[in-house]
file coords.cif (mmCIF, C-alpha atoms)
data_work
loop_
_atom_site.label_atom_id
_atom_site.label_comp_id
_atom_site.auth_asym_id
_atom_site.auth_seq_id
_atom_site.Cartn_x
_atom_site.Cartn_y
_atom_site.Cartn_z
CA MET A 238 17.58 -123.67 -65.01
CA GLU A 239 18.52 -121.45 -67.93
CA CYS A 240 16.54 -118.26 -68.54
CA ASN A 241 16.35 -116.23 -71.78
CA VAL A 242 14.51 -113.02 -72.75
CA LEU A 243 11.97 -112.61 -75.55
CA ALA A 244 9.28 -110.07 -76.46
CA LEU A 245 5.61 -110.96 -76.48
CA SER A 246 2.72 -108.71 -77.40
CA PRO A 247 0.09 -108.03 -74.71
CA SER A 248 -2.60 -108.85 -77.26
CA SER A 249 -1.34 -112.41 -77.74
CA PRO A 250 -4.18 -115.01 -77.72
CA CYS A 251 -2.42 -117.00 -75.03
CA PHE A 252 -3.62 -114.59 -72.36
CA LYS A 253 -6.70 -116.51 -71.31
CA ALA A 254 -8.40 -116.27 -67.97
CA PRO A 255 -6.71 -119.00 -65.95
CA PRO A 256 -7.96 -120.68 -62.79
CA LYS A 257 -6.76 -119.20 -59.54
CA PRO A 258 -3.64 -121.06 -58.37
CA PRO A 259 -3.53 -122.74 -54.97
CA ASN A 260 -1.80 -120.63 -52.38
CA ARG A 261 0.37 -123.44 -51.02
CA ASN A 262 2.15 -124.09 -54.33
CA ALA A 263 2.19 -120.53 -55.74
CA HIS A 264 5.38 -118.68 -56.42
CA VAL A 265 5.01 -114.98 -57.19
CA ILE A 266 7.30 -113.22 -59.66
CA LEU A 267 6.88 -109.48 -60.25
CA ILE A 268 7.56 -108.62 -63.87
CA THR A 269 9.65 -105.53 -64.42
CA PRO A 270 9.25 -103.32 -67.52
CA THR A 271 11.44 -105.76 -69.49
CA LEU A 272 9.83 -108.66 -71.31
CA GLN A 273 10.77 -112.10 -70.02
CA TYR A 274 10.61 -115.60 -71.32
CA CYS A 275 11.72 -118.56 -69.27
CA SER A 276 12.82 -121.76 -70.96
CA SER A 277 13.67 -125.00 -69.27
CA PRO A 278 14.17 -128.67 -70.12
CA LEU A 279 10.44 -129.06 -69.56
CA LYS A 280 9.54 -126.60 -72.29
CA SER A 281 8.67 -129.34 -74.75
CA SER A 282 5.92 -130.51 -72.45
CA ILE A 283 4.49 -127.08 -71.74
CA PRO A 284 1.34 -126.19 -73.70
CA SER A 285 2.06 -123.75 -76.50
CA CYS A 286 -0.08 -120.97 -75.16
CA TYR A 287 1.74 -121.05 -71.78
CA ARG A 288 5.33 -121.47 -72.93
CA ALA A 289 6.20 -117.81 -72.93
CA CYS A 290 3.98 -115.25 -71.34
CA ALA A 291 4.94 -111.81 -70.19
CA LEU A 292 2.96 -108.62 -70.06
CA SER A 293 4.56 -105.23 -70.40
CA PHE A 294 3.40 -101.78 -71.32
CA SER A 295 5.85 -99.42 -72.99
CA SER A 296 5.53 -95.70 -73.42
CA PRO A 297 6.54 -94.54 -76.90
CA SER A 298 7.63 -91.19 -75.54
CA GLY A 299 9.73 -92.68 -72.78
CA PHE A 300 8.19 -90.87 -69.81
CA ASN A 301 9.32 -92.39 -66.53
CA ASP A 302 6.40 -90.99 -64.58
CA GLN A 303 3.71 -92.84 -66.53
CA THR A 304 1.75 -94.99 -64.14
CA THR A 305 1.69 -98.54 -65.47
CA SER A 306 0.44 -101.66 -63.76
CA TYR A 307 2.50 -104.70 -64.46
CA SER A 308 1.25 -108.26 -64.27
CA SER A 309 1.93 -110.83 -61.61
CA LEU A 310 3.14 -114.19 -62.79
CA PHE A 311 2.09 -117.28 -60.90
CA THR A 312 3.74 -120.66 -61.53
CA ARG A 313 2.89 -124.04 -60.22
CA GLN A 314 4.11 -127.54 -60.98
CA LYS A 315 1.38 -129.66 -62.40
CA SER A 316 2.16 -133.35 -63.17
CA ASP A 317 4.77 -133.48 -65.98
CA TYR A 318 4.74 -129.88 -67.22
CA LEU A 319 5.13 -126.37 -65.94
CA GLU A 320 1.98 -124.31 -66.30
CA VAL A 321 2.45 -120.59 -66.50
CA ILE A 322 -0.52 -118.47 -65.56
CA VAL A 323 -0.69 -114.80 -66.28
CA ARG A 324 -3.00 -112.53 -64.41
CA ALA A 325 -3.14 -109.08 -65.97
CA SER A 326 -3.61 -106.09 -63.73
CA SER A 327 -5.79 -103.21 -64.68
CA VAL A 328 -4.53 -101.24 -67.67
CA PRO A 329 -5.61 -97.64 -68.22
CA GLY A 330 -7.96 -97.48 -71.15
CA SER A 331 -6.42 -94.22 -72.32
CA ALA A 332 -2.80 -95.44 -72.26
CA GLU A 333 -2.37 -94.60 -75.93
CA GLU A 334 -3.63 -91.06 -75.33
CA THR A 335 -1.20 -90.31 -72.52
CA PRO A 336 1.76 -89.19 -74.69
CA ALA A 337 -0.53 -86.94 -76.74
CA SER A 338 -2.01 -85.39 -73.60
CA LYS A 339 1.46 -84.87 -72.16
CA GLY A 340 2.60 -83.26 -75.40
CA MET A 341 -0.41 -80.96 -75.37
CA SER A 342 0.23 -80.03 -71.74
CA ARG A 343 3.88 -79.22 -72.49
CA THR A 344 2.87 -77.13 -75.52
CA LEU A 345 0.38 -75.15 -73.43
CA GLN A 346 2.99 -74.64 -70.71
CA LEU A 347 5.55 -73.39 -73.21
CA GLY A 348 2.98 -71.12 -74.84
CA ALA A 349 2.09 -69.61 -71.47
CA MET A 350 5.75 -69.09 -70.60
CA PHE A 351 6.46 -67.39 -73.94
CA GLY A 352 3.43 -65.16 -73.38
CA ILE A 353 4.64 -64.22 -69.88
CA TRP A 354 8.13 -63.57 -71.27
CA TYR A 355 6.78 -61.19 -73.90
CA LEU A 356 4.39 -59.44 -71.49
CA LEU A 357 7.13 -58.83 -68.91
CA ASN A 358 9.35 -57.41 -71.66
CA ILE A 359 6.63 -55.01 -72.78
CA TYR A 360 6.00 -53.73 -69.25
CA PHE A 361 9.72 -53.40 -68.51
CA ASN A 362 10.49 -51.39 -71.65
CA ILE A 363 7.53 -49.06 -71.25
CA TYR A 364 7.93 -48.37 -67.52
CA ASN A 365 11.71 -48.23 -67.75
CA LYS A 366 11.52 -45.65 -70.54
CA GLN A 367 9.06 -43.55 -68.52
CA VAL A 368 11.38 -43.61 -65.50
CA LEU A 369 14.51 -42.75 -67.53
CA LYS A 370 12.71 -39.82 -69.17
CA VAL A 371 12.20 -38.01 -65.87
CA TYR A 372 15.08 -39.56 -63.91
CA PRO A 373 18.05 -39.59 -66.33
CA PHE A 374 20.49 -41.62 -64.24
CA PRO A 375 20.85 -44.96 -66.05
CA ALA A 376 23.60 -46.38 -63.83
CA THR A 377 21.56 -45.70 -60.68
CA VAL A 378 18.41 -47.14 -62.29
CA THR A 379 20.29 -50.27 -63.39
CA ALA A 380 21.81 -50.73 -59.91
CA PHE A 381 18.32 -50.43 -58.41
CA GLN A 382 17.05 -53.11 -60.81
CA PHE A 383 19.90 -55.44 -59.89
CA GLY A 384 19.18 -54.75 -56.22
CA CYS A 385 15.52 -55.75 -56.59
CA GLY A 386 16.61 -58.88 -58.44
CA THR A 387 19.02 -59.71 -55.62
CA VAL A 388 16.20 -59.47 -53.07
CA LEU A 389 14.00 -61.79 -55.15
CA ILE A 390 16.85 -64.30 -55.50
CA LEU A 391 17.56 -64.33 -51.76
CA ILE A 392 13.85 -64.92 -51.09
CA MET A 393 13.85 -67.76 -53.63
CA TRP A 394 16.79 -69.45 -51.90
CA ALA A 395 15.59 -68.72 -48.35
CA PHE A 396 12.23 -70.45 -48.94
CA ASN A 397 13.82 -73.30 -50.93
CA LEU A 398 11.88 -72.38 -54.05
CA TYR A 399 15.02 -73.33 -55.97
CA PRO A 400 18.11 -75.18 -54.69
CA ARG A 401 20.86 -72.85 -53.53
CA PRO A 402 24.20 -73.47 -55.29
CA LYS A 403 27.51 -74.15 -53.63
CA ILE A 404 30.24 -72.08 -55.25
CA ASN A 405 33.95 -72.65 -54.89
CA ARG A 406 36.78 -70.25 -55.65
CA SER A 407 37.45 -71.53 -59.15
CA GLN A 408 33.79 -71.06 -60.09
CA LEU A 409 33.76 -67.57 -58.61
CA ALA A 410 36.89 -66.64 -60.57
CA THR A 411 35.15 -67.79 -63.77
CA ILE A 412 31.85 -66.04 -63.01
CA LEU A 413 33.35 -62.65 -62.08
CA PRO A 414 34.28 -61.54 -65.62
CA LEU A 415 30.92 -62.77 -66.90
CA ALA A 416 29.16 -60.72 -64.19
CA PHE A 417 31.18 -57.64 -65.14
CA LEU A 418 30.17 -57.99 -68.81
CA HIS A 419 26.56 -58.59 -67.77
CA THR A 420 26.64 -55.43 -65.66
CA MET A 421 28.07 -53.31 -68.44
CA GLY A 422 25.67 -54.72 -71.03
CA ASN A 423 22.56 -53.86 -69.02
CA ALA A 424 23.85 -50.43 -67.98
CA LEU A 425 24.66 -49.57 -71.61
CA THR A 426 21.20 -50.74 -72.70
CA ASN A 427 19.60 -48.38 -70.18
CA ILE A 428 21.80 -45.53 -71.40
CA SER A 429 20.52 -46.16 -74.92
CA LEU A 430 16.89 -46.43 -73.79
CA GLY A 431 17.24 -43.09 -72.05
CA LYS A 432 18.59 -41.36 -75.17
CA VAL A 433 16.60 -42.81 -78.11
CA ALA A 434 13.25 -44.45 -78.75
CA VAL A 435 12.65 -47.96 -77.40
CA SER A 436 11.96 -49.23 -80.91
CA PHE A 437 15.28 -47.89 -82.20
CA THR A 438 17.27 -49.45 -79.31
CA HIS A 439 15.76 -52.85 -80.03
CA THR A 440 16.38 -52.45 -83.75
CA ILE A 441 20.07 -51.87 -83.01
CA LYS A 442 20.12 -54.84 -80.64
CA ALA A 443 19.06 -57.00 -83.58
CA MET A 444 22.78 -56.79 -84.49
CA GLU A 445 23.59 -59.31 -81.73
CA PRO A 446 24.10 -62.24 -84.18
CA PHE A 447 26.77 -60.23 -86.02
CA PHE A 448 28.81 -59.85 -82.82
CA THR A 449 28.19 -63.49 -81.88
CA VAL A 450 29.65 -64.72 -85.17
CA MET A 451 32.60 -62.34 -85.00
CA LEU A 452 33.52 -63.18 -81.38
CA SER A 453 33.01 -66.92 -81.86
CA ALA A 454 35.43 -66.87 -84.78
CA LEU A 455 38.01 -64.85 -82.83
CA PHE A 456 37.93 -66.66 -79.47
CA LEU A 457 36.38 -70.08 -80.14
CA SER A 458 37.67 -70.68 -83.70
CA GLU A 459 34.08 -71.44 -84.76
CA TRP A 460 33.88 -70.34 -88.37
CA PRO A 461 30.38 -69.62 -89.70
CA THR A 462 28.84 -71.40 -92.65
CA LEU A 463 27.91 -69.63 -95.84
CA TRP A 464 24.26 -69.61 -94.79
CA VAL A 465 25.07 -67.92 -91.49
CA VAL A 466 27.18 -65.26 -93.19
CA SER A 467 24.43 -64.67 -95.75
CA SER A 468 21.87 -64.13 -92.99
CA LEU A 469 24.02 -61.35 -91.51
CA VAL A 470 23.67 -59.23 -94.66
CA PRO A 471 20.00 -58.28 -94.12
CA ILE A 472 20.67 -57.74 -90.40
CA VAL A 473 23.44 -55.21 -91.00
CA GLY A 474 21.63 -53.61 -93.94
CA GLY A 475 18.33 -53.33 -92.10
CA VAL A 476 19.90 -51.74 -89.02
CA ALA A 477 21.80 -49.26 -91.21
CA LEU A 478 18.64 -48.32 -93.10
CA ALA A 479 16.67 -47.87 -89.87
CA SER A 480 19.46 -45.77 -88.35
CA PHE A 481 19.64 -43.37 -91.28
CA THR A 482 15.92 -42.68 -91.10
CA GLU A 483 15.43 -42.70 -87.28
CA SER A 484 13.91 -39.45 -86.01
CA SER A 485 15.27 -39.91 -82.46
CA PHE A 486 18.79 -40.81 -83.59
CA ASN A 487 21.76 -39.58 -81.58
CA TRP A 488 25.27 -40.99 -81.33
CA ILE A 489 25.18 -41.68 -77.58
CA GLY A 490 22.06 -43.82 -77.87
CA PHE A 491 23.35 -45.59 -81.00
CA GLY A 492 26.85 -46.17 -79.61
CA SER A 493 25.69 -47.44 -76.22
CA ALA A 494 23.27 -49.91 -77.85
CA MET A 495 26.09 -51.20 -80.08
CA ALA A 496 28.40 -51.46 -77.06
CA SER A 497 25.74 -53.42 -75.17
CA ASN A 498 25.61 -55.87 -78.09
CA LEU A 499 29.37 -56.32 -77.84
CA THR A 500 29.41 -56.85 -74.06
CA ASN A 501 26.38 -59.15 -73.95
CA GLN A 502 27.66 -61.39 -76.73
CA SER A 503 31.15 -61.37 -75.19
CA ARG A 504 29.55 -62.68 -72.00
CA ASN A 505 27.85 -65.49 -73.93
CA VAL A 506 30.99 -66.45 -75.85
CA PHE A 507 33.25 -66.37 -72.78
CA SER A 508 30.79 -68.40 -70.75
CA LYS A 509 30.94 -71.03 -73.48
CA LYS A 510 34.75 -70.86 -73.53
CA PHE A 511 35.48 -70.97 -69.80
CA MET A 512 32.57 -72.89 -68.25
CA VAL A 513 33.37 -76.21 -69.89
CA ARG A 514 33.74 -78.50 -66.90
CA LYS A 515 30.27 -79.90 -66.29
CA GLU A 516 31.04 -81.05 -62.78
CA GLU A 517 31.71 -77.44 -61.80
CA SER A 518 29.15 -75.66 -63.96
CA LEU A 519 25.92 -74.21 -62.60
CA ASP A 520 22.51 -74.57 -64.14
CA ASN A 521 21.16 -71.59 -66.07
CA ILE A 522 18.93 -70.20 -63.31
CA ASN A 523 21.54 -70.36 -60.56
CA LEU A 524 24.21 -68.96 -62.86
CA PHE A 525 21.95 -66.02 -63.69
CA SER A 526 21.14 -65.56 -59.99
CA VAL A 527 24.79 -65.47 -58.93
CA ILE A 528 25.65 -63.08 -61.78
CA THR A 529 22.79 -60.77 -60.74
CA ILE A 530 24.03 -60.56 -57.14
CA ILE A 531 27.62 -59.89 -58.23
CA SER A 532 26.39 -57.28 -60.74
CA PHE A 533 24.58 -55.42 -57.99
CA ILE A 534 27.71 -55.40 -55.82
CA LEU A 535 29.82 -54.19 -58.76
CA LEU A 536 27.47 -51.51 -60.03
CA VAL A 537 26.59 -49.70 -56.78
CA PRO A 538 30.03 -48.09 -56.32
CA ILE A 539 30.28 -47.39 -60.07
CA ALA A 540 26.89 -45.65 -60.05
CA ILE A 541 27.83 -43.55 -57.02
CA PHE A 542 31.15 -42.60 -58.60
CA MET A 543 29.60 -41.68 -61.97
CA GLU A 544 26.30 -40.10 -60.90
CA GLY A 545 26.53 -39.56 -57.15
CA VAL A 546 23.75 -40.42 -54.70
CA LYS A 547 20.55 -39.64 -56.58
CA PHE A 548 17.91 -40.95 -54.18
CA SER A 549 17.63 -37.69 -52.28
CA PRO A 550 14.19 -35.95 -52.09
CA SER A 551 15.41 -33.08 -54.25
CA TYR A 552 16.13 -35.34 -57.23
CA LEU A 553 12.82 -37.17 -56.78
CA LYS A 554 10.99 -33.82 -56.74
CA SER A 555 12.77 -32.71 -59.91
CA ALA A 556 11.57 -35.91 -61.55
CA ALA A 557 8.05 -35.13 -60.34
CA SER A 558 8.17 -31.75 -62.04
CA GLN A 559 8.64 -33.48 -65.39
CA GLY A 560 5.45 -35.49 -65.37
CA LEU A 561 5.65 -38.22 -62.69
CA ASN A 562 5.01 -37.59 -59.01
CA VAL A 563 7.16 -39.32 -56.41
CA ARG A 564 4.67 -42.13 -55.82
CA GLU A 565 4.30 -42.88 -59.54
CA LEU A 566 8.07 -42.78 -60.00
CA CYS A 567 8.65 -45.25 -57.17
CA VAL A 568 5.87 -47.62 -58.28
CA ARG A 569 7.00 -47.67 -61.90
CA SER A 570 10.63 -48.13 -60.89
CA LEU A 571 9.65 -51.13 -58.76
CA VAL A 572 7.49 -52.64 -61.51
CA ALA A 573 10.24 -52.13 -64.09
CA ALA A 574 12.81 -53.72 -61.74
CA PHE A 575 10.52 -56.70 -61.05
CA CYS A 576 9.87 -57.20 -64.77
CA PHE A 577 13.59 -56.76 -65.53
CA HIS A 578 14.53 -59.68 -63.29
CA SER A 579 11.49 -61.82 -64.00
CA TYR A 580 11.69 -61.74 -67.79
CA GLN A 581 15.32 -62.88 -67.68
CA GLN A 582 14.43 -65.63 -65.21
CA VAL A 583 11.60 -66.85 -67.44
CA SER A 584 13.93 -66.68 -70.43
CA TYR A 585 16.39 -69.05 -68.74
CA MET A 586 13.54 -71.37 -67.73
CA ILE A 587 12.41 -71.54 -71.36
CA LEU A 588 15.99 -72.20 -72.47
CA GLN A 589 16.06 -75.26 -70.21
CA MET A 590 12.96 -76.63 -71.96
CA VAL A 591 13.69 -75.94 -75.63
CA SER A 592 16.65 -75.94 -77.99
CA PRO A 593 18.82 -72.81 -78.35
CA VAL A 594 17.51 -72.35 -81.92
CA THR A 595 13.88 -72.36 -80.75
CA HIS A 596 14.80 -69.91 -78.01
CA ALA A 597 16.52 -67.66 -80.58
CA VAL A 598 13.41 -67.65 -82.78
CA GLY A 599 11.29 -66.78 -79.74
CA ASN A 600 13.69 -63.98 -78.85
CA CYS A 601 13.37 -62.59 -82.39
CA LEU A 602 9.58 -62.57 -82.11
CA LYS A 603 9.89 -60.96 -78.68
CA ARG A 604 11.82 -58.09 -80.22
CA VAL A 605 9.07 -57.61 -82.80
CA VAL A 606 6.42 -57.53 -80.06
CA VAL A 607 8.41 -55.00 -77.99
CA ILE A 608 9.04 -52.71 -80.99
CA VAL A 609 5.40 -52.72 -82.11
CA SER A 610 4.02 -52.22 -78.59
CA SER A 611 6.43 -49.34 -77.82
CA VAL A 612 5.62 -47.60 -81.11
CA ILE A 613 1.92 -47.82 -80.32
CA PHE A 614 2.24 -46.77 -76.66
CA PHE A 615 4.64 -43.86 -77.14
CA GLN A 616 3.20 -42.96 -80.56
CA THR A 617 6.70 -42.94 -82.01
CA PRO A 618 6.82 -41.39 -85.48
CA VAL A 619 7.97 -44.08 -87.91
CA SER A 620 8.60 -43.52 -91.61
CA PRO A 621 7.96 -46.27 -94.18
CA ILE A 622 11.69 -46.60 -94.88
CA ASN A 623 12.43 -46.86 -91.17
CA SER A 624 9.82 -49.60 -90.82
CA LEU A 625 11.30 -51.38 -93.82
CA GLY A 626 14.80 -51.29 -92.32
CA THR A 627 13.56 -52.66 -89.01
CA GLY A 628 11.62 -55.40 -90.77
CA ILE A 629 14.63 -56.42 -92.87
CA ALA A 630 16.87 -56.56 -89.79
CA LEU A 631 14.40 -58.73 -87.85
CA ALA A 632 13.90 -61.00 -90.85
CA GLY A 633 17.66 -61.42 -90.96
CA VAL A 634 17.69 -62.42 -87.29
CA PHE A 635 15.09 -65.08 -88.03
CA LEU A 636 17.11 -66.37 -91.01
CA TYR A 637 20.21 -66.45 -88.81
CA SER A 638 18.47 -68.65 -86.24
CA ARG A 639 17.36 -71.01 -89.01
CA ALA A 640 20.82 -71.05 -90.60
CA LYS A 641 22.37 -72.02 -87.26
CA GLN A 642 20.10 -75.05 -87.23
CA MET A 643 21.17 -76.24 -90.67
CA LYS A 644 23.99 -78.76 -90.68
CA GLN A 645 26.63 -78.67 -93.34
CA LYS A 646 26.09 -81.50 -95.77
CA PRO A 647 29.00 -83.94 -96.00
CA LYS A 648 30.99 -83.82 -99.19
CA VAL A 649 30.43 -86.77 -101.49
CA ALA A 650 33.67 -88.22 -102.88
#
call {"tool": "encode", "arguments": {"input": "coords.cif", "output": "structure tokens"}}
result
Amino acid sequence: MECNVLALSPSSPCFKAPPKPPNRNAHVILITPTLQYCSSPLKSSIPSCYRACALSFSSPSGFNDQTTSYSSLFTRQKSDYLEVIVRASSVPGSAEETPASKGMSRTLQLGAMFGIWYLLNIYFNIYNKQVLKVYPFPATVTAFQFGCGTVLILIMWAFNLYPRPKINRSQLATILPLAFLHTMGNALTNISLGKVAVSFTHTIKAMEPFFTVMLSALFLSEWPTLWVVSSLVPIVGGVALASFTESSFNWIGFGSAMASNLTNQSRNVFSKKFMVRKEESLDNINLFSVITIISFILLVPIAIFMEGVKFSPSYLKSAASQGLNVRELCVRSLVAAFCFHSYQQVSYMILQMVSPVTHAVGNCLKRVVVIVSSVIFFQTPVSPINSLGTGIALAGVFLYSRAKQMKQKPKVA
């Protein structure tokens, strides 16, 4: 018997309540999510309302986890025609509302994650600045933060909160330079935070798109569009204007923030260049976890070589004499380290849920939130021209993220 496939609406009038078929002659066919229509040489003798009957429920958003009850199809031979009887199972009355409710749930989840991301950033920058003020050893502080992150990662893997990756030698050889750049980028950021105001460091870090475009052109041969180049003008101009009018300006803080932009964007570009084989690539969270562990191993000897062992009681007491007692210093260092690791972890989780452009826009807004909160908390003196420069730079970052989303229109012959 030949069988073909056709679509039939569930609201078709042929779905009438049929009599219950006898058990001895019943053949049960479970309908899958595809729509089926069976034709045979007897089809001319089958009543029109029973010729083709299939019941299916499709989800417009394509969610696989939507619970749907499919119908059971009972057939029996009756005299000279084949009677097809459809018995519909229970259908959720709110089936049409399910995609909307799922969309709302996802929106609320994303909103909560963005809020947590911003809040962790605020706490990290405030507590980290307080620690660096009285304990001016940025390499040691950064190594401590990587160490706390390593402990959290090992706990995550030990309790199977996230699958532990299996790394081969080729992957390790690729990750090592990325980890080195990640280490240098975070250490340089802490050097800048220790020398200048938090708001000024984050204003300088708004220059990241400029380095991304430059490095992508040099190493990936990805040439920017006119819109992307145009968006860099307000970024560079705004940072320059803010720098000229910054009351806490010094060259060490400015230079280290610029160097952190270069190293962080080099890490991103090189990861895109070298980690191209999908079968060997790690997901974002595990890649960040492995890089964090390697960064801790790399930075500990560097910190000891540059700054010596600074965890002795004498150094902690000298920090206490500048405004924080030993207990407060330890607590705020731990909180800053926890927030340092957690906000990056949440950032990668968000990146797995949204597009890179949406993540870039969220990162731009995060910088605004951090700058405003730090100015309020530390009562940083800000001139109108300085505020204008910062605003122009951040507006340029937003325009850059939008320009990256725009596709170049094809030329019409």
call {"tool": "resolve_selection", "arguments": {"input": "coords.cif", "expression": "the PyMOL selection byres ((chain A and resi 588) around 12)", "output": "PyMOL selection string"}}
result
chain A and resi 347+350-351+354+520-522+581-587+589-600
call {"tool": "resolve_selection", "arguments": {"input": "coords.cif", "expression": "the PyMOL selection byres ((chain A and resi 358-369) around 8)", "output": "ChimeraX atom specification"}}
result
/A:354-357,370-375,378,430-431,435,566,569-570,572-574,576-577,580,603,606-607,610-611,614
call {"tool": "residues_around", "arguments": {"input": "coords.cif", "residues": "range 380-385 of chain A", "least_positions_apart": "6", "cutoff": "8 Å", "atoms": "all atoms listed in the file", "output": "PyMOL selection string"}}
result
chain A and resi 529-530+532-533+536-537+540+571+573-575+577-578
call {"tool": "write_last_selection", "arguments": {"input": "coords.cif", "atoms": "C-alpha atoms", "output": "short mmCIF file (atom, residue, chain, number, x, y, z; two decimals), keeping the file's coordinate frame"}}
result
data_model
loop_
_atom_site.label_atom_id
_atom_site.label_comp_id
_atom_site.auth_asym_id
_atom_site.auth_seq_id
_atom_site.Cartn_x
_atom_site.Cartn_y
_atom_site.Cartn_z
CA THR A 529 22.79 -60.77 -60.74
CA ILE A 530 24.03 -60.56 -57.14
CA SER A 532 26.39 -57.28 -60.74
CA PHE A 533 24.58 -55.42 -57.99
CA LEU A 536 27.47 -51.51 -60.03
CA VAL A 537 26.59 -49.70 -56.78
CA ALA A 540 26.89 -45.65 -60.05
CA LEU A 571 9.65 -51.13 -58.76
CA ALA A 573 10.24 -52.13 -64.09
CA ALA A 574 12.81 -53.72 -61.74
CA PHE A 575 10.52 -56.70 -61.05
CA PHE A 577 13.59 -56.76 -65.53
CA HIS A 578 14.53 -59.68 -63.29
#
call {"tool": "residues_around", "arguments": {"input": "coords.cif", "residues": "Gly626 in chain A", "least_positions_apart": "2", "cutoff": "7 Å", "atoms": "all atoms listed in the file", "output": "CSV table (one decimal) with C-alpha atoms, in the frame of the given file"}}
result
chain,number,residue,atom,x,y,z
A,475,GLY,CA,18.3,-53.3,-92.1
A,476,VAL,CA,19.9,-51.7,-89.0
A,478,LEU,CA,18.6,-48.3,-93.1
A,479,ALA,CA,16.7,-47.9,-89.9
A,622,ILE,CA,11.7,-46.6,-94.9
A,623,ASN,CA,12.4,-46.9,-91.2
A,624,SER,CA,9.8,-49.6,-90.8
A,628,GLY,CA,11.6,-55.4,-90.8
A,629,ILE,CA,14.6,-56.4,-92.9
A,630,ALA,CA,16.9,-56.6,-89.8
call {"tool": "resolve_selection", "arguments": {"input": "coords.cif", "expression": "the PyMOL selection byres ((chain A and resi 402-413) around 7)", "output": "compact mmCIF listing (two decimals) with C-alpha atoms, in the frame of the given file"}}
result
# COMPACT_ATOMS: atom_id res chain seq x y z
CA PRO A 400 18.11 -75.18 -54.69
CA ARG A 401 20.86 -72.85 -53.53
CA PRO A 414 34.28 -61.54 -65.62
CA LEU A 415 30.92 -62.77 -66.90
CA ALA A 416 29.16 -60.72 -64.19
CA PHE A 417 31.18 -57.64 -65.14
CA PHE A 511 35.48 -70.97 -69.80
CA GLU A 517 31.71 -77.44 -61.80
CA ASN A 523 21.54 -70.36 -60.56
CA ILE A 528 25.65 -63.08 -61.78
call {"tool": "closest_residue", "arguments": {"input": "coords.cif", "among": "A:Thr482, A:Ile539, A:Met341, A:Ser526", "to": "Ser579 in chain A", "atoms": "all atoms listed in the file"}}
result
A:Ser526
call {"tool": "atom_distance", "arguments": {"input": "coords.cif", "atom1": "CA of Arg564 in chain A", "atom2": "CA of Pro550 in chain A"}}
result
11.9 Å
call {"tool": "residues_near_point", "arguments": {"input": "coords.cif", "point": "(20.3, -70.7, -94.8)", "cutoff": "12 Å", "atoms": "all atoms listed in the file", "output": "list in words"}}
result
Pro461, Thr462, Leu463, Trp464, Val465, Val466, Ser467, Ser468, Leu469, Val470, Gly633, Val634, Phe635, Leu636, Tyr637, Ser638, Arg639, Ala640, Lys641, Gln642, Met643, Lys644 and Gln645 of chain A
call {"tool": "write_last_selection", "arguments": {"input": "coords.cif", "atoms": "C-alpha atoms", "output": "PDB file, keeping the file's coordinate frame"}}
result
ATOM      1  CA  PRO A 461      30.380 -69.620 -89.700  1.00  0.00           C
ATOM      2  CA  THR A 462      28.840 -71.400 -92.650  1.00  0.00           C
ATOM      3  CA  LEU A 463      27.910 -69.630 -95.840  1.00  0.00           C
ATOM      4  CA  TRP A 464      24.260 -69.610 -94.790  1.00  0.00           C
ATOM      5  CA  VAL A 465      25.070 -67.920 -91.490  1.00  0.00           C
ATOM      6  CA  VAL A 466      27.180 -65.260 -93.190  1.00  0.00           C
ATOM      7  CA  SER A 467      24.430 -64.670 -95.750  1.00  0.00           C
ATOM      8  CA  SER A 468      21.870 -64.130 -92.990  1.00  0.00           C
ATOM      9  CA  LEU A 469      24.020 -61.350 -91.510  1.00  0.00           C
ATOM     10  CA  VAL A 470      23.670 -59.230 -94.660  1.00  0.00           C
ATOM     11  CA  GLY A 633      17.660 -61.420 -90.960  1.00  0.00           C
ATOM     12  CA  VAL A 634      17.690 -62.420 -87.290  1.00  0.00           C
ATOM     13  CA  PHE A 635      15.090 -65.080 -88.030  1.00  0.00           C
ATOM     14  CA  LEU A 636      17.110 -66.370 -91.010  1.00  0.00           C
ATOM     15  CA  TYR A 637      20.210 -66.450 -88.810  1.00  0.00           C
ATOM     16  CA  SER A 638      18.470 -68.650 -86.240  1.00  0.00           C
ATOM     17  CA  ARG A 639      17.360 -71.010 -89.010  1.00  0.00           C
ATOM     18  CA  ALA A 640      20.820 -71.050 -90.600  1.00  0.00           C
ATOM     19  CA  LYS A 641      22.370 -72.020 -87.260  1.00  0.00           C
ATOM     20  CA  GLN A 642      20.100 -75.050 -87.230  1.00  0.00           C
ATOM     21  CA  MET A 643      21.170 -76.240 -90.670  1.00  0.00           C
ATOM     22  CA  LYS A 644      23.990 -78.760 -90.680  1.00  0.00           C
ATOM     23  CA  GLN A 645      26.630 -78.670 -93.340  1.00  0.00           C
TER      24      GLN A 645
END
call {"tool": "atom_distance", "arguments": {"input": "coords.cif", "atom1": "CA of Ala632 in chain A", "atom2": "CA of Trp488 in chain A"}}
result
24.9 Å
call {"tool": "decode", "arguments": {"input": "coords.cif", "residues": "range 540-551 of chain A", "atoms": "C-alpha atoms", "output": "mmCIF file, in the first residue's frame"}}
result
data_model
loop_
_atom_site.group_PDB
_atom_site.id
_atom_site.type_symbol
_atom_site.label_atom_id
_atom_site.label_comp_id
_atom_site.auth_asym_id
_atom_site.auth_seq_id
_atom_site.Cartn_x
_atom_site.Cartn_y
_atom_site.Cartn_z
ATOM 1 C CA ALA A 540 54.277 39.125 41.503
ATOM 2 C CA ILE A 541 56.913 37.739 43.877
ATOM 3 C CA PHE A 542 59.702 38.831 41.536
ATOM 4 C CA MET A 543 58.284 42.351 41.050
ATOM 5 C CA GLU A 544 56.894 43.119 44.511
ATOM 6 C CA GLY A 545 58.224 40.423 46.834
ATOM 7 C CA VAL A 546 56.103 38.579 49.393
ATOM 8 C CA LYS A 547 53.657 41.186 50.660
ATOM 9 C CA PHE A 548 51.367 39.089 52.851
ATOM 10 C CA SER A 549 53.486 39.530 55.953
ATOM 11 C CA PRO A 550 51.889 41.113 59.085
ATOM 12 C CA SER A 551 54.044 44.218 58.753
#
